[in-house]
file start_23.pdb (PDB, C-alpha atoms)
ATOM      1  CA  MET A   1     -12.064  -2.484   1.385  1.00  0.00           C
ATOM      2  CA  SER A   2     -15.400  -2.496  -0.273  1.00  0.00           C
ATOM      3  CA  SER A   3     -15.564  -5.676  -2.281  1.00  0.00           C
ATOM      4  CA  GLY A   4     -16.035  -3.873  -5.618  1.00  0.00           C
ATOM      5  CA  GLU A   5     -13.035  -1.624  -5.118  1.00  0.00           C
ATOM      6  CA  ARG A   6     -10.921  -4.457  -3.785  1.00  0.00           C
ATOM      7  CA  GLN A   7     -11.860  -6.651  -6.743  1.00  0.00           C
ATOM      8  CA  LEU A   8     -10.911  -3.898  -9.178  1.00  0.00           C
ATOM      9  CA  VAL A   9      -7.516  -3.341  -7.544  1.00  0.00           C
ATOM     10  CA  GLU A  10      -6.828  -7.090  -7.383  1.00  0.00           C
ATOM     11  CA  SER A  11      -7.915  -7.584 -10.994  1.00  0.00           C
ATOM     12  CA  VAL A  12      -5.690  -4.788 -12.284  1.00  0.00           C
ATOM     13  CA  ALA A  13      -2.791  -5.984 -10.115  1.00  0.00           C
ATOM     14  CA  GLN A  14      -3.119  -9.506 -11.526  1.00  0.00           C
ATOM     15  CA  GLU A  15      -3.278  -8.226 -15.104  1.00  0.00           C
ATOM     16  CA  SER A  16      -0.287  -5.940 -14.496  1.00  0.00           C
ATOM     17  CA  ARG A  17       1.700  -8.748 -12.900  1.00  0.00           C
ATOM     18  CA  SER A  18       1.225 -10.791 -16.073  1.00  0.00           C
ATOM     19  CA  SER A  19       2.117  -7.997 -18.491  1.00  0.00           C
ATOM     20  CA  GLY A  20       4.701  -6.217 -16.318  1.00  0.00           C
ATOM     21  CA  GLU A  21       3.100  -2.837 -16.911  1.00  0.00           C
ATOM     22  CA  LEU A  22       0.027  -0.763 -16.189  1.00  0.00           C
ATOM     23  CA  LYS A  23      -1.777  -0.382 -19.502  1.00  0.00           C
ATOM     24  CA  ARG A  24      -3.833   2.637 -20.519  1.00  0.00           C
ATOM     25  CA  ASP A  25      -7.225   0.924 -20.051  1.00  0.00           C
ATOM     26  CA  GLN A  26      -6.196  -0.226 -16.568  1.00  0.00           C
ATOM     27  CA  TRP A  27      -5.004   3.291 -15.743  1.00  0.00           C
ATOM     28  CA  ASP A  28      -8.329   4.705 -16.943  1.00  0.00           C
ATOM     29  CA  ARG A  29     -10.380   2.216 -14.885  1.00  0.00           C
ATOM     30  CA  LEU A  30      -8.415   2.993 -11.737  1.00  0.00           C
ATOM     31  CA  ARG A  31      -8.472   6.744 -12.347  1.00  0.00           C
ATOM     32  CA  SER A  32     -12.227   6.827 -13.008  1.00  0.00           C
ATOM     33  CA  THR A  33     -12.971   4.729  -9.911  1.00  0.00           C
ATOM     34  CA  PHE A  34     -10.545   6.234  -7.401  1.00  0.00           C
ATOM     35  CA  GLY A  35      -9.796   9.733  -8.726  1.00  0.00           C
ATOM     36  CA  GLU A  36      -7.361  11.565  -6.441  1.00  0.00           C
ATOM     37  CA  ARG A  37      -6.729   8.394  -4.428  1.00  0.00           C
ATOM     38  CA  PHE A  38      -5.329   6.754  -7.555  1.00  0.00           C
ATOM     39  CA  ASP A  39      -3.188   9.819  -8.339  1.00  0.00           C
ATOM     40  CA  ARG A  40      -1.675   9.648  -4.857  1.00  0.00           C
ATOM     41  CA  ALA A  41      -1.195   5.895  -5.095  1.00  0.00           C
ATOM     42  CA  TRP A  42       0.501   6.137  -8.476  1.00  0.00           C
ATOM     43  CA  ARG A  43       2.779   8.912  -7.199  1.00  0.00           C
ATOM     44  CA  MET A  44       3.862   6.600  -4.348  1.00  0.00           C
ATOM     45  CA  VAL A  45       4.573   3.784  -6.802  1.00  0.00           C
ATOM     46  CA  SER A  46       6.494   5.980  -9.241  1.00  0.00           C
ATOM     47  CA  GLU A  47       8.552   7.464  -6.391  1.00  0.00           C
ATOM     48  CA  ARG A  48       9.175   3.955  -4.988  1.00  0.00           C
ATOM     49  CA  ARG A  49       7.769   4.894  -1.574  1.00  0.00           C
ATOM     50  CA  ILE A  50       6.459   1.390  -0.970  1.00  0.00           C
ATOM     51  CA  LYS A  51       8.896  -0.791   0.955  1.00  0.00           C
ATOM     52  CA  ARG A  52       8.912  -4.543   1.333  1.00  0.00           C
ATOM     53  CA  TYR A  53      10.837  -5.602   4.422  1.00  0.00           C
ATOM     54  CA  VAL A  54      11.987  -9.219   4.333  1.00  0.00           C
ATOM     55  CA  PHE A  55      13.322 -10.597   7.604  1.00  0.00           C
ATOM     56  CA  HIS A  56      15.905 -13.394   7.637  1.00  0.00           C
ATOM     57  CA  PRO A  57      16.022 -16.247   8.284  1.00  0.00           C
ATOM     58  CA  SER A  58      12.277 -16.356   9.111  1.00  0.00           C
ATOM     59  CA  GLY A  59      11.159 -14.951   5.757  1.00  0.00           C
ATOM     60  CA  ARG A  60       8.570 -12.681   7.422  1.00  0.00           C
ATOM     61  CA  ILE A  61       7.438  -9.853   5.168  1.00  0.00           C
ATOM     62  CA  VAL A  62       6.180  -6.413   6.207  1.00  0.00           C
ATOM     63  CA  TRP A  63       4.897  -3.838   3.711  1.00  0.00           C
ATOM     64  CA  ILE A  64       5.374  -0.136   4.495  1.00  0.00           C
ATOM     65  CA  ALA A  65       4.123   2.980   2.693  1.00  0.00           C
ATOM     66  CA  VAL A  66       6.417   5.948   3.242  1.00  0.00           C
ATOM     67  CA  GLY A  67       4.474   9.176   3.653  1.00  0.00           C
ATOM     68  CA  ARG A  68       5.723  12.688   4.248  1.00  0.00           C
ATOM     69  CA  ASP A  69       5.095  12.528   7.979  1.00  0.00           C
ATOM     70  CA  GLY A  70       5.294   8.850   8.769  1.00  0.00           C
ATOM     71  CA  GLU A  71       5.394   5.264   7.648  1.00  0.00           C
ATOM     72  CA  TYR A  72       2.231   3.189   7.434  1.00  0.00           C
ATOM     73  CA  GLN A  73       2.099  -0.553   7.820  1.00  0.00           C
ATOM     74  CA  ILE A  74       0.035  -2.350   5.198  1.00  0.00           C
ATOM     75  CA  LEU A  75      -1.438  -5.824   5.522  1.00  0.00           C
ATOM     76  CA  PRO A  76      -2.383  -6.588   1.902  1.00  0.00           C
ATOM     77  CA  ARG A  77      -4.141  -9.914   2.511  1.00  0.00           C
ATOM     78  CA  SER A  78      -6.335  -8.330   5.174  1.00  0.00           C
ATOM     79  CA  GLY A  79      -6.915  -5.145   3.205  1.00  0.00           C
ATOM     80  CA  TYR A  80      -5.634  -3.090   6.160  1.00  0.00           C
ATOM     81  CA  CYS A  81      -3.476   0.016   6.468  1.00  0.00           C
ATOM     82  CA  ASP A  82      -2.765   1.875   9.693  1.00  0.00           C
ATOM     83  CA  CYS A  83      -3.110   5.337   8.131  1.00  0.00           C
ATOM     84  CA  GLU A  84      -5.704   7.933   9.054  1.00  0.00           C
ATOM     85  CA  ASP A  85      -7.312   7.760   5.598  1.00  0.00           C
ATOM     86  CA  PHE A  86      -8.012   4.048   6.123  1.00  0.00           C
ATOM     87  CA  TYR A  87      -9.527   4.743   9.507  1.00  0.00           C
ATOM     88  CA  PHE A  88     -11.871   7.470   8.318  1.00  0.00           C
ATOM     89  CA  ARG A  89     -12.754   6.035   4.899  1.00  0.00           C
ATOM     90  CA  ILE A  90     -13.161   2.380   5.809  1.00  0.00           C
ATOM     91  CA  VAL A  91     -13.793   2.167   9.536  1.00  0.00           C
ATOM     92  CA  ASN A  92     -16.048   5.228   9.789  1.00  0.00           C
ATOM     93  CA  GLU A  93     -17.696   5.188   6.367  1.00  0.00           C
ATOM     94  CA  GLY A  94     -17.756   1.421   5.908  1.00  0.00           C
ATOM     95  CA  SER A  95     -16.534   1.516   2.334  1.00  0.00           C
ATOM     96  CA  GLY A  96     -13.587   2.458   0.173  1.00  0.00           C
ATOM     97  CA  VAL A  97      -9.897   1.795   0.142  1.00  0.00           C
ATOM     98  CA  CYS A  98      -6.994   4.045   1.078  1.00  0.00           C
ATOM     99  CA  TYR A  99      -4.447   4.966  -1.543  1.00  0.00           C
ATOM    100  CA  HIS A 100      -1.608   3.264   0.375  1.00  0.00           C
ATOM    101  CA  LEU A 101      -3.314  -0.097  -0.228  1.00  0.00           C
ATOM    102  CA  ILE A 102      -3.791   0.715  -3.915  1.00  0.00           C
ATOM    103  CA  ALA A 103      -0.128   1.721  -4.139  1.00  0.00           C
ATOM    104  CA  GLN A 104       1.074  -1.450  -2.410  1.00  0.00           C
ATOM    105  CA  ARG A 105      -0.915  -3.756  -4.698  1.00  0.00           C
ATOM    106  CA  LEU A 106       0.333  -1.962  -7.819  1.00  0.00           C
ATOM    107  CA  ALA A 107       3.927  -1.723  -6.585  1.00  0.00           C
ATOM    108  CA  GLU A 108       3.991  -5.436  -5.817  1.00  0.00           C
ATOM    109  CA  ALA A 109       2.457  -6.354  -9.174  1.00  0.00           C
ATOM    110  CA  LEU A 110       4.900  -4.149 -11.084  1.00  0.00           C
ATOM    111  CA  ASN A 111       7.943  -4.982  -8.919  1.00  0.00           C
ATOM    112  CA  SER A 112       8.251  -1.257  -8.270  1.00  0.00           C
ATOM    113  CA  TYR A 113       9.087  -1.144  -4.580  1.00  0.00           C
ATOM    114  CA  GLU A 114      12.167  -0.907  -2.423  1.00  0.00           C
ATOM    115  CA  GLN A 115      13.163  -4.188  -0.857  1.00  0.00           C
ATOM    116  CA  VAL A 116      14.823  -3.993   2.542  1.00  0.00           C
ATOM    117  CA  ASN A 117      16.479  -7.118   3.919  1.00  0.00           C
ATOM    118  CA  GLU A 118      16.836  -7.270   7.688  1.00  0.00           C
ATOM    119  CA  GLU A 119      17.813  -9.854  10.238  1.00  0.00           C
ATOM    120  CA  ASP A 120      15.051 -11.257  12.457  1.00  0.00           C
ATOM    121  CA  GLU A 121      16.563  -9.504  15.474  1.00  0.00           C
ATOM    122  CA  PHE A 122      15.328  -6.194  14.021  1.00  0.00           C
ATOM    123  CA  PHE A 123      11.726  -7.353  13.520  1.00  0.00           C
ATOM    124  CA  GLU A 124      10.389  -6.393  16.965  1.00  0.00           C
ATOM    125  CA  PRO A 125      12.217  -3.032  17.225  1.00  0.00           C
ATOM    126  CA  LEU A 126      10.943  -2.032  13.778  1.00  0.00           C
ATOM    127  CA  MET A 127       7.399  -3.191  14.553  1.00  0.00           C
ATOM    128  CA  ASP A 128       7.513  -1.133  17.759  1.00  0.00           C
ATOM    129  CA  GLU A 129       8.664   1.901  15.787  1.00  0.00           C
ATOM    130  CA  TRP A 130       5.888   1.522  13.188  1.00  0.00           C
ATOM    131  CA  ARG A 131       3.267   1.057  15.910  1.00  0.00           C
ATOM    132  CA  ARG A 132       4.337   4.313  17.567  1.00  0.00           C
ATOM    133  CA  GLN A 133       3.526   6.349  14.457  1.00  0.00           C
ATOM    134  CA  PRO A 134       0.893   8.969  15.302  1.00  0.00           C
ATOM    135  CA  LEU A 135      -2.517   8.269  13.788  1.00  0.00           C
ATOM    136  CA  ASP A 136      -2.993  11.960  13.103  1.00  0.00           C
ATOM    137  CA  ALA A 137      -0.001  12.197  10.734  1.00  0.00           C
ATOM    138  CA  ASP A 138      -0.665  14.171   7.568  1.00  0.00           C
ATOM    139  CA  THR A 139      -2.207  11.925   4.914  1.00  0.00           C
ATOM    140  CA  GLU A 140      -1.404  14.259   2.016  1.00  0.00           C
ATOM    141  CA  ASP A 141       1.416  11.986   0.830  1.00  0.00           C
TER
END
call {"tool": "encode", "arguments": {"input": "start_23.pdb", "output": "structure tokens"}}
result
Amino acid sequence: MSSGERQLVESVAQESRSSGELKRDQWDRLRSTFGERFDRAWRMVSERRIKRYVFHPSGRIVWIAVGRDGEYQILPRSGYCDCEDFYFRIVNEGSGVCYHLIAQRLAEALNSYEQVNEEDEFFEPLMDEWRRQPLDADTED
């Protein structure tokens, strides 16, 4: 993520975590900075298409954004998503942030995600499944 965009998302997420809601001024800042990317991100949050997998007993956590044509793994601390938008916007252009990352940060801050609890024995099979997702899946989530 470009540092400015990442800082904005992290700042709004922190503020939202404290208040428990996304306030109008935060909405406006995100909308004016990200435009359509924010609209897509917010749609994912409101439709609860961000999943937090928690594996037991290890406590490992995997974040997934559920798109129309696939599921995308998100690594929030690294600022990484395995979607095509991330690849083209960040890897090729060297700046920006995909809307899945925006959605994950907001969903986590607002506790607006689906939590899936799984046993550790399912970690590797699920990781294999997520890794097999085609990179050319439709990003119009």
call {"tool": "residues_near_point", "arguments": {"input": "start_23.pdb", "point": "(-3.6, -2.4, -3.3)", "cutoff": "9 Å", "atoms": "all atoms listed in the file", "output": "list in words"}}
result
Arg6, Val9, Glu10, Ala13, Ala41, Pro76, Gly79, Val97, Cys98, Tyr99, His100, Leu101, Ile102, Ala103, Gln104, Arg105, Leu106, Ala107 and Glu108 of chain A
call {"tool": "write_last_selection", "arguments": {"input": "start_23.pdb", "atoms": "C-alpha atoms", "output": "mmCIF file, in the frame of the given file"}}
result
data_model
loop_
_atom_site.group_PDB
_atom_site.id
_atom_site.type_symbol
_atom_site.label_atom_id
_atom_site.label_comp_id
_atom_site.auth_asym_id
_atom_site.auth_seq_id
_atom_site.Cartn_x
_atom_site.Cartn_y
_atom_site.Cartn_z
ATOM 1 C CA ARG A 6 -10.921 -4.457 -3.785
ATOM 2 C CA VAL A 9 -7.516 -3.341 -7.544
ATOM 3 C CA GLU A 10 -6.828 -7.090 -7.383
ATOM 4 C CA ALA A 13 -2.791 -5.984 -10.115
ATOM 5 C CA ALA A 41 -1.195 5.895 -5.095
ATOM 6 C CA PRO A 76 -2.383 -6.588 1.902
ATOM 7 C CA GLY A 79 -6.915 -5.145 3.205
ATOM 8 C CA VAL A 97 -9.897 1.795 0.142
ATOM 9 C CA CYS A 98 -6.994 4.045 1.078
ATOM 10 C CA TYR A 99 -4.447 4.966 -1.543
ATOM 11 C CA HIS A 100 -1.608 3.264 0.375
ATOM 12 C CA LEU A 101 -3.314 -0.097 -0.228
ATOM 13 C CA ILE A 102 -3.791 0.715 -3.915
ATOM 14 C CA ALA A 103 -0.128 1.721 -4.139
ATOM 15 C CA GLN A 104 1.074 -1.450 -2.410
ATOM 16 C CA ARG A 105 -0.915 -3.756 -4.698
ATOM 17 C CA LEU A 106 0.333 -1.962 -7.819
ATOM 18 C CA ALA A 107 3.927 -1.723 -6.585
ATOM 19 C CA GLU A 108 3.991 -5.436 -5.817
#
call {"tool": "closest_residue", "arguments": {"input": "start_23.pdb", "among": "A:Arg37, A:Arg24, A:Ser46, A:Phe122", "to": "Arg89 (chain A)", "atoms": "all atoms listed in the file"}}
result
A:Arg37
call {"tool": "resolve_selection", "arguments": {"input": "start_23.pdb", "expression": "the PyMOL selection byres ((chain A and resi 82) around 10)", "output": "list in words"}}
result
Ile64, Ala65, Glu71, Tyr72, Gln73, Ile74, Leu75, Tyr80, Cys81, Cys83, Glu84, Asp85, Phe86, Tyr87, Cys98, His100, Trp130, Arg131, Gln133, Pro134 and Leu135 of chain A
call {"tool": "write_last_selection", "arguments": {"input": "start_23.pdb", "atoms": "C-alpha atoms", "output": "compact mmCIF listing (two decimals), in the coordinates of the input"}}
result
# COMPACT_ATOMS: atom_id res chain seq x y z
CA ILE A 64 5.37 -0.14 4.50
CA ALA A 65 4.12 2.98 2.69
CA GLU A 71 5.39 5.26 7.65
CA TYR A 72 2.23 3.19 7.43
CA GLN A 73 2.10 -0.55 7.82
CA ILE A 74 0.04 -2.35 5.20
CA LEU A 75 -1.44 -5.82 5.52
CA TYR A 80 -5.63 -3.09 6.16
CA CYS A 81 -3.48 0.02 6.47
CA CYS A 83 -3.11 5.34 8.13
CA GLU A 84 -5.70 7.93 9.05
CA ASP A 85 -7.31 7.76 5.60
CA PHE A 86 -8.01 4.05 6.12
CA TYR A 87 -9.53 4.74 9.51
CA CYS A 98 -6.99 4.04 1.08
CA HIS A 100 -1.61 3.26 0.38
CA TRP A 130 5.89 1.52 13.19
CA ARG A 131 3.27 1.06 15.91
CA GLN A 133 3.53 6.35 14.46
CA PRO A 134 0.89 8.97 15.30
CA LEU A 135 -2.52 8.27 13.79
call {"tool": "residues_near_point", "arguments": {"input": "start_23.pdb", "point": "(8.6, -5.4, 5.1)", "cutoff": "10 Å", "atoms": "only C-alpha atoms", "output": "list in words"}}
result
Ile50, Lys51, Arg52, Tyr53, Val54, Phe55, Gly59, Arg60, Ile61, Val62, Trp63, Ile64, Ala65, Gln73, Ile74, Glu114, Gln115, Val116, Asn117, Glu118, Phe123, Leu126 and Met127 of chain A
call {"tool": "build_atoms", "arguments": {"input": "start_23.pdb", "residues": "region 66-90 of chain A", "atoms": "N, CA and C atoms", "output": "short mmCIF file (atom, residue, chain, number, x, y, z; two decimals), keeping the file's coordinate frame"}}
result
data_model
loop_
_atom_site.label_atom_id
_atom_site.label_comp_id
_atom_site.auth_asym_id
_atom_site.auth_seq_id
_atom_site.Cartn_x
_atom_site.Cartn_y
_atom_site.Cartn_z
N VAL A 66 5.68 4.82 2.68
CA VAL A 66 6.42 5.95 3.24
C VAL A 66 5.71 7.25 2.85
N GLY A 67 5.13 7.89 3.86
CA GLY A 67 4.47 9.18 3.65
C GLY A 67 5.40 10.31 4.03
N ARG A 68 4.91 11.53 3.88
CA ARG A 68 5.72 12.69 4.25
C ARG A 68 5.99 12.75 5.74
N ASP A 69 4.99 12.36 6.53
CA ASP A 69 5.10 12.53 7.98
C ASP A 69 5.15 11.22 8.75
N GLY A 70 5.26 10.12 8.06
CA GLY A 70 5.29 8.85 8.77
C GLY A 70 5.32 7.67 7.81
N GLU A 71 5.42 6.51 8.41
CA GLU A 71 5.39 5.26 7.65
C GLU A 71 4.18 4.48 8.11
N TYR A 72 3.47 3.89 7.15
CA TYR A 72 2.23 3.19 7.43
C TYR A 72 2.38 1.72 7.10
N GLN A 73 2.02 0.88 8.04
CA GLN A 73 2.10 -0.55 7.82
C GLN A 73 0.86 -1.00 7.05
N ILE A 74 1.09 -1.84 6.05
CA ILE A 74 0.04 -2.35 5.20
C ILE A 74 -0.02 -3.86 5.34
N LEU A 75 -1.22 -4.38 5.51
CA LEU A 75 -1.44 -5.82 5.52
C LEU A 75 -2.29 -6.15 4.29
N PRO A 76 -1.65 -6.44 3.16
CA PRO A 76 -2.38 -6.59 1.90
C PRO A 76 -3.45 -7.68 1.92
N ARG A 77 -3.16 -8.82 2.50
CA ARG A 77 -4.14 -9.91 2.51
C ARG A 77 -5.38 -9.56 3.32
N SER A 78 -5.20 -8.75 4.34
CA SER A 78 -6.34 -8.33 5.17
C SER A 78 -7.01 -7.08 4.64
N GLY A 79 -6.38 -6.40 3.69
CA GLY A 79 -6.92 -5.14 3.20
C GLY A 79 -6.86 -4.07 4.26
N TYR A 80 -5.77 -4.03 5.04
CA TYR A 80 -5.63 -3.09 6.16
C TYR A 80 -4.42 -2.19 5.98
N CYS A 81 -4.58 -0.94 6.39
CA CYS A 81 -3.48 0.02 6.47
C CYS A 81 -3.68 0.80 7.75
N ASP A 82 -2.60 1.16 8.43
CA ASP A 82 -2.76 1.88 9.69
C ASP A 82 -2.73 3.40 9.54
N CYS A 83 -3.06 3.89 8.35
CA CYS A 83 -3.11 5.34 8.13
C CYS A 83 -4.46 5.92 8.55
N GLU A 84 -4.48 7.23 8.67
CA GLU A 84 -5.70 7.93 9.05
C GLU A 84 -6.77 7.83 7.97
N ASP A 85 -6.37 7.87 6.70
CA ASP A 85 -7.31 7.76 5.60
C ASP A 85 -8.07 6.44 5.67
N PHE A 86 -7.36 5.35 5.97
CA PHE A 86 -8.01 4.05 6.12
C PHE A 86 -9.04 4.11 7.25
N TYR A 87 -8.64 4.68 8.36
CA TYR A 87 -9.53 4.74 9.51
C TYR A 87 -10.81 5.49 9.17
N PHE A 88 -10.68 6.67 8.60
CA PHE A 88 -11.87 7.47 8.32
C PHE A 88 -12.69 6.92 7.16
N ARG A 89 -12.03 6.50 6.10
CA ARG A 89 -12.75 6.04 4.90
C ARG A 89 -13.39 4.66 5.12
N ILE A 90 -12.68 3.75 5.72
CA ILE A 90 -13.16 2.38 5.81
C ILE A 90 -13.84 2.10 7.14
#
